[in-house]
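Pasted below: final23.cif, mmCIF, C-alpha atoms and all ligand atoms.
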```cif
data_input
loop_
_atom_site.group_PDB
_atom_site.id
_atom_site.type_symbol
_atom_site.label_atom_id
_atom_site.label_comp_id
_atom_site.auth_asym_id
_atom_site.auth_seq_id
_atom_site.Cartn_x
_atom_site.Cartn_y
_atom_site.Cartn_z
ATOM 1 C CA MET O 1 136.227 124.419 86.520
ATOM 2 C CA LYS O 2 135.650 126.995 89.219
ATOM 3 C CA LEU O 3 134.530 126.051 92.744
ATOM 4 C CA VAL O 4 132.314 128.710 94.345
ATOM 5 C CA THR O 5 130.617 128.678 97.717
ATOM 6 C CA THR O 6 128.559 131.858 98.037
ATOM 7 C CA VAL O 7 125.362 133.178 96.501
ATOM 8 C CA SER O 8 127.070 136.374 95.373
ATOM 9 C CA GLN O 9 129.907 134.490 93.618
ATOM 10 C CA VAL O 10 127.602 132.209 91.633
ATOM 11 C CA ARG O 11 125.212 135.039 90.801
ATOM 12 C CA GLN O 12 128.026 137.305 89.613
ATOM 13 C CA GLN O 13 129.478 134.582 87.369
ATOM 14 C CA VAL O 14 126.140 133.692 85.776
ATOM 15 C CA ARG O 15 125.239 137.346 85.222
ATOM 16 C CA ALA O 16 128.583 137.881 83.485
ATOM 17 C CA TRP O 17 127.831 134.952 81.168
ATOM 18 C CA HIS O 18 124.337 136.273 80.477
ATOM 19 C CA ASP O 19 125.846 139.682 79.644
ATOM 20 C CA GLU O 20 127.940 137.891 77.017
ATOM 21 C CA GLY O 21 124.769 136.362 75.580
ATOM 22 C CA LEU O 22 125.565 132.835 76.812
ATOM 23 C CA THR O 23 122.926 130.383 78.043
ATOM 24 C CA VAL O 24 123.370 128.726 81.417
ATOM 25 C CA ALA O 25 122.201 125.315 82.675
ATOM 26 C CA LEU O 26 121.863 124.286 86.314
ATOM 27 C CA VAL O 27 122.100 120.693 87.555
ATOM 28 C CA PRO O 28 121.049 120.548 91.238
ATOM 29 C CA THR O 29 122.600 117.639 93.184
ATOM 30 C CA MET O 30 123.445 116.431 96.659
ATOM 31 C CA GLY O 31 126.815 115.112 95.535
ATOM 32 C CA TRP O 32 128.565 111.718 95.768
ATOM 33 C CA PHE O 33 128.456 111.661 92.013
ATOM 34 C CA HIS O 34 127.793 108.609 89.879
ATOM 35 C CA GLU O 35 127.100 108.097 86.194
ATOM 36 C CA GLY O 36 123.476 109.286 86.675
ATOM 37 C CA HIS O 37 124.714 112.702 87.792
ATOM 38 C CA LEU O 38 127.384 112.802 85.084
ATOM 39 C CA SER O 39 124.835 112.039 82.374
ATOM 40 C CA LEU O 40 122.756 115.045 83.530
ATOM 41 C CA MET O 41 125.876 117.228 83.417
ATOM 42 C CA ARG O 42 126.787 116.038 79.907
ATOM 43 C CA THR O 43 123.245 116.610 78.643
ATOM 44 C CA ALA O 44 123.251 120.070 80.223
ATOM 45 C CA GLY O 45 126.547 120.793 78.439
ATOM 46 C CA HIS O 46 125.012 119.840 75.101
ATOM 47 C CA GLN O 47 122.007 122.088 75.635
ATOM 48 C CA ALA O 48 123.545 125.232 77.125
ATOM 49 C CA ASP O 49 126.752 127.247 76.740
ATOM 50 C CA ARG O 50 127.733 127.011 80.411
ATOM 51 C CA VAL O 51 126.957 124.450 83.136
ATOM 52 C CA VAL O 52 126.605 125.140 86.853
ATOM 53 C CA VAL O 53 126.307 122.102 89.148
ATOM 54 C CA SER O 54 125.095 122.758 92.661
ATOM 55 C CA LEU O 55 126.213 120.388 95.380
ATOM 56 C CA PHE O 56 124.287 120.785 98.603
ATOM 57 C CA VAL O 57 123.060 118.126 101.018
ATOM 58 C CA ASN O 58 119.865 119.916 101.911
ATOM 59 C CA PRO O 59 119.077 119.346 105.605
ATOM 60 C CA ILE O 60 115.468 120.543 105.383
ATOM 61 C CA GLN O 61 114.462 117.726 103.027
ATOM 62 C CA PHE O 62 115.522 115.031 105.515
ATOM 63 C CA GLY O 63 113.074 113.937 108.225
ATOM 64 C CA GLU O 64 113.764 112.884 111.810
ATOM 65 C CA GLY O 65 115.721 109.624 111.848
ATOM 66 C CA GLU O 66 116.567 109.773 108.129
ATOM 67 C CA ASP O 67 120.073 109.517 106.699
ATOM 68 C CA LEU O 68 121.230 113.167 106.737
ATOM 69 C CA ASP O 69 124.295 112.391 108.867
ATOM 70 C CA SER O 70 125.297 109.265 106.956
ATOM 71 C CA TYR O 71 124.688 110.775 103.506
ATOM 72 C CA PRO O 72 127.991 110.253 101.604
ATOM 73 C CA ARG O 73 130.045 113.415 101.107
ATOM 74 C CA ASP O 74 133.403 114.028 99.400
ATOM 75 C CA LEU O 75 133.853 117.388 97.696
ATOM 76 C CA GLU O 76 137.305 116.586 96.326
ATOM 77 C CA ARG O 77 136.136 113.358 94.690
ATOM 78 C CA ASP O 78 133.038 115.052 93.237
ATOM 79 C CA SER O 79 135.067 117.988 92.023
ATOM 80 C CA GLU O 80 137.407 115.698 90.056
ATOM 81 C CA MET O 81 134.454 113.871 88.505
ATOM 82 C CA ALA O 82 132.641 117.077 87.517
ATOM 83 C CA LYS O 83 135.798 118.333 85.793
ATOM 84 C CA THR O 84 135.853 115.287 83.512
ATOM 85 C CA VAL O 85 132.479 116.195 81.968
ATOM 86 C CA GLY O 86 133.182 119.880 81.353
ATOM 87 C CA VAL O 87 131.276 121.489 84.228
ATOM 88 C CA ASP O 88 132.102 125.208 84.389
ATOM 89 C CA VAL O 89 131.138 125.992 87.980
ATOM 90 C CA LEU O 90 130.642 123.704 90.961
ATOM 91 C CA TYR O 91 128.556 125.639 93.473
ATOM 92 C CA SER O 92 128.835 124.180 96.945
ATOM 93 C CA PRO O 93 127.306 126.485 99.571
ATOM 94 C CA THR O 94 127.401 125.810 103.313
ATOM 95 C CA VAL O 95 124.193 125.267 105.276
ATOM 96 C CA ASP O 96 124.608 128.758 106.796
ATOM 97 C CA GLU O 97 124.959 130.307 103.348
ATOM 98 C CA MET O 98 121.773 128.596 102.171
ATOM 99 C CA TYR O 99 119.792 129.069 105.394
ATOM 100 C CA PRO O 100 121.091 132.124 107.262
ATOM 101 C CA ALA O 101 119.813 132.834 110.781
ATOM 102 C CA GLY O 102 116.148 133.784 110.746
ATOM 103 C CA PHE O 103 115.256 131.724 107.677
ATOM 104 C CA GLN O 104 111.580 130.725 107.762
ATOM 105 C CA SER O 105 110.030 130.649 104.271
ATOM 106 C CA MET O 106 108.949 127.434 102.567
ATOM 107 C CA VAL O 107 107.598 126.479 99.142
ATOM 108 C CA ARG O 108 104.945 123.755 98.933
ATOM 109 C CA VAL O 109 103.431 122.106 95.881
ATOM 110 C CA ARG O 110 100.392 120.819 97.719
ATOM 111 C CA ASP O 111 98.679 117.837 96.106
ATOM 112 C CA LEU O 112 101.533 116.328 94.105
ATOM 113 C CA SER O 113 103.697 116.243 97.264
ATOM 114 C CA MET O 114 101.249 114.262 99.374
ATOM 115 C CA GLY O 115 101.442 110.672 98.098
ATOM 116 C CA LEU O 116 104.188 108.222 97.141
ATOM 117 C CA CYS O 117 107.505 109.397 98.656
ATOM 118 C CA GLY O 118 105.705 112.384 100.189
ATOM 119 C CA GLY O 119 103.492 109.932 102.099
ATOM 120 C CA SER O 120 106.477 108.039 103.493
ATOM 121 C CA ARG O 121 108.576 111.173 104.032
ATOM 122 C CA PRO O 122 106.279 113.969 105.270
ATOM 123 C CA GLY O 123 107.655 117.410 104.461
ATOM 124 C CA HIS O 124 110.358 116.006 102.184
ATOM 125 C CA PHE O 125 109.152 117.729 99.031
ATOM 126 C CA ASP O 126 108.595 121.053 100.822
ATOM 127 C CA GLY O 127 112.310 120.938 101.594
ATOM 128 C CA VAL O 128 113.123 120.010 97.992
ATOM 129 C CA CYS O 129 110.918 122.751 96.512
ATOM 130 C CA THR O 130 112.302 125.359 98.878
ATOM 131 C CA VAL O 131 115.925 124.614 98.043
ATOM 132 C CA VAL O 132 115.285 124.296 94.295
ATOM 133 C CA CYS O 133 113.391 127.614 94.320
ATOM 134 C CA LYS O 134 116.319 129.214 96.158
ATOM 135 C CA LEU O 135 118.819 127.695 93.704
ATOM 136 C CA PHE O 136 116.797 129.051 90.777
ATOM 137 C CA ASN O 137 116.799 132.513 92.382
ATOM 138 C CA GLN O 138 120.503 132.350 93.211
ATOM 139 C CA VAL O 139 121.771 130.972 89.892
ATOM 140 C CA GLU O 140 119.102 132.343 87.511
ATOM 141 C CA PRO O 141 119.643 129.506 85.004
ATOM 142 C CA ASP O 142 117.965 129.345 81.599
ATOM 143 C CA LYS O 143 117.524 125.579 81.911
ATOM 144 C CA ALA O 144 117.579 123.117 84.799
ATOM 145 C CA PHE O 145 118.136 119.364 84.495
ATOM 146 C CA PHE O 146 116.610 116.686 86.738
ATOM 147 C CA GLY O 147 116.642 112.883 86.564
ATOM 148 C CA GLU O 148 113.565 110.742 85.991
ATOM 149 C CA LYS O 149 114.999 108.541 88.738
ATOM 150 C CA ASP O 150 113.182 110.920 91.114
ATOM 151 C CA TYR O 151 110.015 110.908 89.040
ATOM 152 C CA GLN O 152 107.740 112.535 91.615
ATOM 153 C CA GLN O 153 110.333 115.222 92.304
ATOM 154 C CA LEU O 154 110.508 116.059 88.587
ATOM 155 C CA ALA O 155 106.699 116.338 88.347
ATOM 156 C CA ILE O 156 106.619 118.572 91.439
ATOM 157 C CA ILE O 157 109.385 120.867 90.163
ATOM 158 C CA ARG O 158 107.610 121.221 86.812
ATOM 159 C CA ARG O 159 104.403 122.183 88.664
ATOM 160 C CA MET O 160 106.229 124.650 90.921
ATOM 161 C CA VAL O 161 107.811 126.387 87.925
ATOM 162 C CA ILE O 162 104.429 126.764 86.205
ATOM 163 C CA ASP O 163 102.532 127.778 89.341
ATOM 164 C CA LEU O 164 105.074 130.364 90.491
ATOM 165 C CA ASP O 165 105.933 131.767 87.020
ATOM 166 C CA MET O 166 109.595 130.828 87.290
ATOM 167 C CA ASP O 167 111.516 131.712 84.148
ATOM 168 C CA VAL O 168 113.437 128.470 83.744
ATOM 169 C CA GLU O 169 113.010 125.499 81.423
ATOM 170 C CA VAL O 170 112.884 122.196 83.322
ATOM 171 C CA LEU O 171 114.227 119.167 81.473
ATOM 172 C CA GLY O 172 113.980 115.522 82.571
ATOM 173 C CA CYS O 173 116.696 112.961 81.797
ATOM 174 C CA PRO O 174 116.394 109.145 81.649
ATOM 175 C CA ILE O 175 117.377 106.852 84.527
ATOM 176 C CA VAL O 176 120.950 105.561 84.370
ATOM 177 C CA ARG O 177 121.319 101.980 85.635
ATOM 178 C CA GLU O 178 124.099 99.625 86.654
ATOM 179 C CA GLU O 179 124.601 96.682 84.300
ATOM 180 C CA SER O 180 122.576 94.643 86.804
ATOM 181 C CA GLY O 181 119.564 96.929 86.254
ATOM 182 C CA LEU O 182 119.879 98.660 89.631
ATOM 183 C CA ALA O 183 119.148 102.398 89.263
ATOM 184 C CA MET O 184 122.259 104.346 90.206
ATOM 185 C CA SER O 185 121.955 106.268 93.454
ATOM 186 C CA SER O 186 124.332 107.837 95.954
ATOM 187 C CA ARG O 187 122.596 105.702 98.587
ATOM 188 C CA ASN O 188 123.749 102.484 96.851
ATOM 189 C CA VAL O 189 127.028 103.014 98.725
ATOM 190 C CA HIS O 190 125.212 101.655 101.793
ATOM 191 C CA LEU O 191 124.329 98.371 100.055
ATOM 192 C CA ARG O 192 126.382 95.322 101.008
ATOM 193 C CA ASP O 193 127.270 92.338 98.792
ATOM 194 C CA GLU O 194 124.534 90.282 100.409
ATOM 195 C CA ASP O 195 121.923 92.943 99.486
ATOM 196 C CA GLN O 196 122.503 92.463 95.741
ATOM 197 C CA ASP O 197 119.465 90.268 95.074
ATOM 198 C CA ALA O 198 117.152 92.370 97.256
ATOM 199 C CA SER O 199 118.268 95.583 95.547
ATOM 200 C CA LEU O 200 117.296 94.133 92.164
ATOM 201 C CA SER O 201 113.698 93.516 93.306
ATOM 202 C CA LEU O 202 112.635 96.975 92.063
ATOM 203 C CA MET O 203 113.870 96.420 88.514
ATOM 204 C CA ARG O 204 112.371 92.921 88.543
ATOM 205 C CA GLY O 205 109.034 94.475 89.510
ATOM 206 C CA ILE O 206 109.226 96.896 86.581
ATOM 207 C CA ASP O 207 110.190 94.064 84.199
ATOM 208 C CA HIS O 208 107.296 91.958 85.477
ATOM 209 C CA GLY O 209 104.900 94.858 84.932
ATOM 210 C CA ARG O 210 106.119 95.379 81.371
ATOM 211 C CA LYS O 211 105.793 91.689 80.539
ATOM 212 C CA ARG O 212 102.282 91.463 81.965
ATOM 213 C CA VAL O 213 101.088 94.584 80.115
ATOM 214 C CA ALA O 214 102.643 93.354 76.848
ATOM 215 C CA ALA O 215 101.100 89.896 77.242
ATOM 216 C CA ALA O 216 97.699 91.491 77.893
ATOM 217 C CA GLY O 217 97.925 93.494 74.657
ATOM 218 C CA GLY O 218 98.847 96.907 76.123
ATOM 219 C CA SER O 219 96.593 97.362 79.149
ATOM 220 C CA ILE O 220 95.840 95.495 82.363
ATOM 221 C CA ASP O 221 94.028 95.974 85.694
ATOM 222 C CA ALA O 222 96.361 98.163 87.764
ATOM 223 C CA ALA O 223 95.366 96.895 91.231
ATOM 224 C CA GLU O 224 95.923 93.290 90.181
ATOM 225 C CA LEU O 225 99.389 94.090 88.799
ATOM 226 C CA VAL O 226 100.331 96.104 91.890
ATOM 227 C CA GLY O 227 99.331 93.089 94.030
ATOM 228 C CA GLU O 228 101.552 90.765 92.004
ATOM 229 C CA ILE O 229 104.560 93.074 92.207
ATOM 230 C CA GLU O 230 104.084 93.691 95.945
ATOM 231 C CA LYS O 231 103.956 89.936 96.552
ATOM 232 C CA GLN O 232 107.051 89.340 94.439
ATOM 233 C CA ILE O 233 108.994 91.959 96.400
ATOM 234 C CA GLU O 234 107.733 90.979 99.851
ATOM 235 C CA THR O 235 108.749 87.358 99.230
ATOM 236 C CA THR O 236 112.292 88.412 98.288
ATOM 237 C CA PRO O 237 114.520 87.972 101.357
ATOM 238 C CA GLY O 238 115.628 91.303 102.838
ATOM 239 C CA CYS O 239 112.914 93.362 101.128
ATOM 240 C CA ARG O 240 110.076 95.359 102.616
ATOM 241 C CA VAL O 241 107.681 97.236 100.333
ATOM 242 C CA ASP O 242 107.305 100.918 101.182
ATOM 243 C CA TYR O 243 104.908 101.452 98.303
ATOM 244 C CA VAL O 244 104.133 100.100 94.835
ATOM 245 C CA ARG O 245 101.790 102.248 92.750
ATOM 246 C CA ILE O 246 100.683 102.620 89.174
ATOM 247 C CA VAL O 247 99.815 106.241 88.485
ATOM 248 C CA ASP O 248 98.988 108.575 85.636
ATOM 249 C CA CYS O 249 102.355 109.706 84.313
ATOM 250 C CA ASP O 250 101.479 113.420 84.606
ATOM 251 C CA SER O 251 99.082 113.820 87.534
ATOM 252 C CA LEU O 252 100.584 110.937 89.596
ATOM 253 C CA VAL O 253 97.042 109.910 90.560
ATOM 254 C CA ASP O 254 96.370 106.144 90.836
ATOM 255 C CA VAL O 255 94.940 104.628 87.663
ATOM 256 C CA LYS O 256 92.494 101.721 87.309
ATOM 257 C CA THR O 257 94.099 100.483 84.106
ATOM 258 C CA ALA O 258 97.839 100.253 83.536
ATOM 259 C CA ASP O 259 98.718 101.253 79.982
ATOM 260 C CA LYS O 260 101.010 103.489 77.950
ATOM 261 C CA ASN O 261 100.025 106.568 79.959
ATOM 262 C CA SER O 262 100.901 104.989 83.312
ATOM 263 C CA ARG O 263 104.047 104.924 85.378
ATOM 264 C CA LEU O 264 104.951 102.219 87.866
ATOM 265 C CA ILE O 265 106.610 103.870 90.863
ATOM 266 C CA LEU O 266 108.014 101.954 93.801
ATOM 267 C CA ALA O 267 110.031 102.270 96.986
ATOM 268 C CA VAL O 268 111.566 99.336 98.850
ATOM 269 C CA LYS O 269 113.485 99.159 102.111
ATOM 270 C CA VAL O 270 116.413 96.772 101.730
ATOM 271 C CA ALA O 271 117.761 94.957 104.788
ATOM 272 C CA ASP O 272 115.919 97.499 106.973
ATOM 273 C CA ARG O 273 118.752 99.878 106.181
ATOM 274 C CA VAL O 274 118.611 101.347 102.682
ATOM 275 C CA ARG O 275 115.491 102.816 101.089
ATOM 276 C CA LEU O 276 115.601 102.473 97.304
ATOM 277 C CA ILE O 277 113.247 104.062 94.761
ATOM 278 C CA ASP O 278 112.709 103.295 91.100
ATOM 279 C CA ASN O 279 110.103 103.790 88.379
ATOM 280 C CA GLY O 280 109.388 102.999 84.777
ATOM 281 C CA SER O 281 106.826 103.162 82.029
ATOM 282 C CA LEU O 282 104.926 99.938 81.404
ATOM 283 C CA VAL O 283 104.834 100.015 77.617
HETATM 284 P P1 LIG O 301 120.709 113.627 94.030
HETATM 285 O O1 LIG O 301 122.134 114.023 94.153
HETATM 286 O O2 LIG O 301 120.435 112.196 94.393
HETATM 287 O O3 LIG O 301 119.770 114.601 94.700
HETATM 288 O O4 LIG O 301 120.369 113.696 92.488
HETATM 289 C C1 LIG O 301 120.636 114.838 91.728
HETATM 290 C C2 LIG O 301 119.959 114.704 90.390
HETATM 291 O O5 LIG O 301 120.451 113.542 89.736
HETATM 292 C C3 LIG O 301 118.436 114.534 90.514
HETATM 293 O O6 LIG O 301 117.793 115.262 89.480
HETATM 294 C C4 LIG O 301 118.260 113.045 90.323
HETATM 295 O O7 LIG O 301 116.996 112.693 89.797
HETATM 296 C C5 LIG O 301 119.363 112.742 89.331
HETATM 297 N N1 LIG O 301 119.719 111.319 89.396
HETATM 298 C C6 LIG O 301 120.070 110.613 90.490
HETATM 299 N N2 LIG O 301 120.268 109.318 90.172
HETATM 300 C C7 LIG O 301 120.040 109.212 88.833
HETATM 301 C C8 LIG O 301 120.078 108.133 87.909
HETATM 302 N N3 LIG O 301 120.380 106.887 88.274
HETATM 303 N N4 LIG O 301 119.769 108.390 86.620
HETATM 304 C C9 LIG O 301 119.444 109.651 86.228
HETATM 305 N N5 LIG O 301 119.385 110.709 87.056
HETATM 306 C C10 LIG O 301 119.687 110.495 88.342
#
```

In structure tokens, how does this file's structure come out?
Amino acid sequence: MKLVTTVSQVRQQVRAWHDEGLTVALVPTMGWFHEGHLSLMRTAGHQADRVVVSLFVNPIQFGEGEDLDSYPRDLERDSEMAKTVGVDVLYSPTVDEMYPAGFQSMVRVRDLSMGLCGGSRPGHFDGVCTVVCKLFNQVEPDKAFFGEKDYQQLAIIRRMVIDLDMDVEVLGCPIVREESGLAMSSRNVHLRDEDQDASLSLMRGIDHGRKRVAAAGGSIDAAELVGEIEKQIETTPGCRVDYVRIVDCDSLVDVKTADKNSRLILAVKVADRVRLIDNGSLV
């Protein structure tokens, strides 16, 4: 595995592969790898000849007072992990390489970015879209892999690629969970032993939703179900609901009836310290 840090290095390598007729996959990440990241890398390796993983903690997608400074970072650790799953290039640019002096352009996917996490984190998805657009332009991958863990992000990236005629195939991969049901996340490193029960409130909410929809024969009033899940989470010690929503799985617009076309999406602040997100289908 090669470690590269500049736009010209990664571009040169990928162009050489393309000249040989090889296909190239990109897996964009912010590092501190876990099995969720590794599963994306493995899937990418099965679906393309070469795999580039980008590792960049993107400052412009963090808001004031968010966890940019405390975001876990360890290039050596990540590098060792990426090697084990056959990654060909780990691309880890500096902030100055990504955003040289004078940088001022942004990409916005307007409506899809407004609600859910975009409501709680204004400007977050503009930062995500801008860096992903730059990564696509720098790496020029044939395919790019994203996790369903960040369901809204995946929908926004798909929209951006269509709207801006980007020549890359976007593929979504299923959520990887701990045995406990907790969705894997780099931010789980901030959870303490005593946060265990609170951190499982998201998965319990999804399970509750699935049970209620199944018991009702496949569809149920969405507002009623959201109310039940919110109450369940709010009464769990250490939990504060950021949002619980049931939306159309493509447009991410709130639905009246939860059914097979809906997605339950939720964000919970645990112990006033760690913001967790999760989502799942209800059927
Ligand atoms: P991050 O480093 O958190 O920005 O994540 C990089 C990529 O890994 C994104 O496409 C995420 O959606 C994906 N990802 C993160 N956690 C998981 C998980 N538990 N299961 C599947 N994909 C994940």

Extract, using only C-alpha atoms, all DNA, RNA and protein residues at most 10 Å from Leu135 in chain O, discarding same-chain residues fewer than 4 positions from it, and format them as a VMD selection string.
chain O and resid 7 26 to 28 54 91 98 129 to 131 139 to 141

Filtering to C-alpha atoms, could you give me those residues as a PDB file, keeping the file's coordinate frame?
```
ATOM      1  CA  VAL O   7     125.362 133.178  96.501  1.00  0.00           C
ATOM      2  CA  LEU O  26     121.863 124.286  86.314  1.00  0.00           C
ATOM      3  CA  VAL O  27     122.100 120.693  87.555  1.00  0.00           C
ATOM      4  CA  PRO O  28     121.049 120.548  91.238  1.00  0.00           C
ATOM      5  CA  SER O  54     125.095 122.758  92.661  1.00  0.00           C
ATOM      6  CA  TYR O  91     128.556 125.639  93.473  1.00  0.00           C
ATOM      7  CA  MET O  98     121.773 128.596 102.171  1.00  0.00           C
ATOM      8  CA  CYS O 129     110.918 122.751  96.512  1.00  0.00           C
ATOM      9  CA  THR O 130     112.302 125.359  98.878  1.00  0.00           C
ATOM     10  CA  VAL O 131     115.925 124.614  98.043  1.00  0.00           C
ATOM     11  CA  VAL O 139     121.771 130.972  89.892  1.00  0.00           C
ATOM     12  CA  GLU O 140     119.102 132.343  87.511  1.00  0.00           C
ATOM     13  CA  PRO O 141     119.643 129.506  85.004  1.00  0.00           C
TER      14      PRO O 141
END
```

Please provide the set of residues having any atom within 8 Å of range 66-81 of chain O, restricted to all atoms listed in the file, with same-chain residues fewer than 3 positions apart removed, written as a PyMOL selection string.
chain O and resi 31-33+38+57+59+62-63+84-85+90+186-187+189

When the PyMOL selection byres (((not hetatm)) within 9 of (chain O and resi 301)) is applied to the structure above, which residues does it catch, written out as a PDB file with C-alpha atoms, keeping the file's coordinate frame?
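Saved as part13.pdb:
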```pdb
ATOM      1  CA  VAL O  27     122.100 120.693  87.555  1.00  0.00           C
ATOM      2  CA  PRO O  28     121.049 120.548  91.238  1.00  0.00           C
ATOM      3  CA  THR O  29     122.600 117.639  93.184  1.00  0.00           C
ATOM      4  CA  MET O  30     123.445 116.431  96.659  1.00  0.00           C
ATOM      5  CA  GLY O  31     126.815 115.112  95.535  1.00  0.00           C
ATOM      6  CA  TRP O  32     128.565 111.718  95.768  1.00  0.00           C
ATOM      7  CA  PHE O  33     128.456 111.661  92.013  1.00  0.00           C
ATOM      8  CA  HIS O  34     127.793 108.609  89.879  1.00  0.00           C
ATOM      9  CA  GLU O  35     127.100 108.097  86.194  1.00  0.00           C
ATOM     10  CA  GLY O  36     123.476 109.286  86.675  1.00  0.00           C
ATOM     11  CA  HIS O  37     124.714 112.702  87.792  1.00  0.00           C
ATOM     12  CA  LEU O  38     127.384 112.802  85.084  1.00  0.00           C
ATOM     13  CA  SER O  39     124.835 112.039  82.374  1.00  0.00           C
ATOM     14  CA  LEU O  40     122.756 115.045  83.530  1.00  0.00           C
ATOM     15  CA  LEU O  55     126.213 120.388  95.380  1.00  0.00           C
ATOM     16  CA  PHE O  56     124.287 120.785  98.603  1.00  0.00           C
ATOM     17  CA  VAL O  57     123.060 118.126 101.018  1.00  0.00           C
ATOM     18  CA  ASN O  58     119.865 119.916 101.911  1.00  0.00           C
ATOM     19  CA  PHE O 145     118.136 119.364  84.495  1.00  0.00           C
ATOM     20  CA  PHE O 146     116.610 116.686  86.738  1.00  0.00           C
ATOM     21  CA  GLY O 147     116.642 112.883  86.564  1.00  0.00           C
ATOM     22  CA  GLU O 148     113.565 110.742  85.991  1.00  0.00           C
ATOM     23  CA  LYS O 149     114.999 108.541  88.738  1.00  0.00           C
ATOM     24  CA  ASP O 150     113.182 110.920  91.114  1.00  0.00           C
ATOM     25  CA  TYR O 151     110.015 110.908  89.040  1.00  0.00           C
ATOM     26  CA  GLN O 153     110.333 115.222  92.304  1.00  0.00           C
ATOM     27  CA  LEU O 154     110.508 116.059  88.587  1.00  0.00           C
ATOM     28  CA  GLY O 172     113.980 115.522  82.571  1.00  0.00           C
ATOM     29  CA  CYS O 173     116.696 112.961  81.797  1.00  0.00           C
ATOM     30  CA  PRO O 174     116.394 109.145  81.649  1.00  0.00           C
ATOM     31  CA  ILE O 175     117.377 106.852  84.527  1.00  0.00           C
ATOM     32  CA  VAL O 176     120.950 105.561  84.370  1.00  0.00           C
ATOM     33  CA  ARG O 177     121.319 101.980  85.635  1.00  0.00           C
ATOM     34  CA  GLU O 178     124.099  99.625  86.654  1.00  0.00           C
ATOM     35  CA  LEU O 182     119.879  98.660  89.631  1.00  0.00           C
ATOM     36  CA  ALA O 183     119.148 102.398  89.263  1.00  0.00           C
ATOM     37  CA  MET O 184     122.259 104.346  90.206  1.00  0.00           C
ATOM     38  CA  SER O 185     121.955 106.268  93.454  1.00  0.00           C
ATOM     39  CA  SER O 186     124.332 107.837  95.954  1.00  0.00           C
ATOM     40  CA  ARG O 187     122.596 105.702  98.587  1.00  0.00           C
ATOM     41  CA  ASP O 278     112.709 103.295  91.100  1.00  0.00           C
TER      42      ASP O 278
END
```

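Residue nearest Cys117 in chain O, chosen from O:Glu234, O:Asp242, O:Asp96, O:Glu179 and counting all atoms listed in the file: O:Asp242.
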
Of the candidates O:Thr235, O:Ser219, O:Thr6, O:Ser199, which one gets nearest to Val270 in chain O if we count all atoms listed in the file?
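Residue with the minimum atom-to-atom distance to Val270 in chain O: O:Ser199.
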
Which residues are near Met106 in chain O? Cut-off 12 Å, all atoms listed in the file, ignore same chain within fewer than 6 positions. Put them as a PyMOL selection string.
chain O and resi 60-61+99+123-134

Quick check, in Å to one decimal: how far apart do CA of Gln13 in chain O and CA of Ile156 in chain O lie?
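Here the two named atoms are 28.2 Å from each other.
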
If I take CA of Gln152 in chain O and CA of Val95 in chain O, how far is one from the other in Å, to one decimal?
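Straight-line distance from CA of Gln152 in chain O to CA of Val95 in chain O works out to 24.9 Å.
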
Quick one: everything within 7 Å of Val283 in chain O, counting only C-alpha atoms, minus sequence neighbours fewer than 6 positions away in the same chain. Send it as a list in words.
Arg210, Gly218, Asp259 and Lys260 of chain O

Take the point (126.2, 127.9, 77.1) in the file's coordinates, draw a sphere of radius 6 Å around it, and report as a count of residues only every protein, DNA or RNA residue with an atom inside or on it, counting only C-alpha atoms.
6

Please return as a PyMOL selection string every residue within 7 Å of (105.6, 94.9, 97.6), taking into account all atoms listed in the file and the file's own coordinates.
chain O and resi 229-234+240-241+243-244

Computed gap from CA of Gly209 in chain O to CA of Leu282 in chain O is 6.2 Å

Nearest to Val87 in chain O among O:Thr43, O:Ser262, O:Ser105, O:Ser120, with distances taken over only C-alpha atoms: which residue is it?
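Ranking O:Thr43, O:Ser262, O:Ser105, O:Ser120 by distance to Val87 in chain O, first place goes to O:Thr43.
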
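When all atoms listed in the file are used to compute distances to Ile206 in chain O, the closest of the residues O:Asn188, O:Asn279, O:Ser180, O:Asn137 turns out to be O:Asn279.
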
Near Cys239 in chain O, counting only C-alpha atoms, which residues have an atom at most 8 Å away, once you skip same-chain residues fewer than 6 positions from it, shown as a PyMOL selection string?
chain O and resi 198+201+233+268-272

Limited to C-alpha atoms, could you put the picked residues into a file as a PDB file, in the coordinates of the input?
```
ATOM      1  CA  ALA O 198     117.152  92.370  97.256  1.00  0.00           C
ATOM      2  CA  SER O 201     113.698  93.516  93.306  1.00  0.00           C
ATOM      3  CA  ILE O 233     108.994  91.959  96.400  1.00  0.00           C
ATOM      4  CA  VAL O 268     111.566  99.336  98.850  1.00  0.00           C
ATOM      5  CA  LYS O 269     113.485  99.159 102.111  1.00  0.00           C
ATOM      6  CA  VAL O 270     116.413  96.772 101.730  1.00  0.00           C
ATOM      7  CA  ALA O 271     117.761  94.957 104.788  1.00  0.00           C
ATOM      8  CA  ASP O 272     115.919  97.499 106.973  1.00  0.00           C
TER       9      ASP O 272
END
```

Could you tell me which of O:Gly86, O:Gly115, O:Pro93, O:Gly45 comes closest to Val10 in chain O if we count all atoms listed in the file?
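The answer is O:Pro93, which sits nearest to Val10 in chain O.
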
Mind working out the centre and edge lengths of an axis-aligned box for range 42-61 of chain O, all listed atoms inside, 8 Å added to each side, rounded to one decimal in Å and written as JSON?
```
{"center_x": 121.1, "center_y": 121.6, "center_z": 90.4, "size_x": 29.3, "size_y": 27.2, "size_z": 46.5}
```

Which residues would end up in the selection if the PyMOL selection byres (((chain O and resi 161) around 12) and not hetatm) were applied here, given that I need the answer as a PyMOL selection string?
chain O and resi 107-109+129-130+132-133+136-137+143-144+154-160+162-171
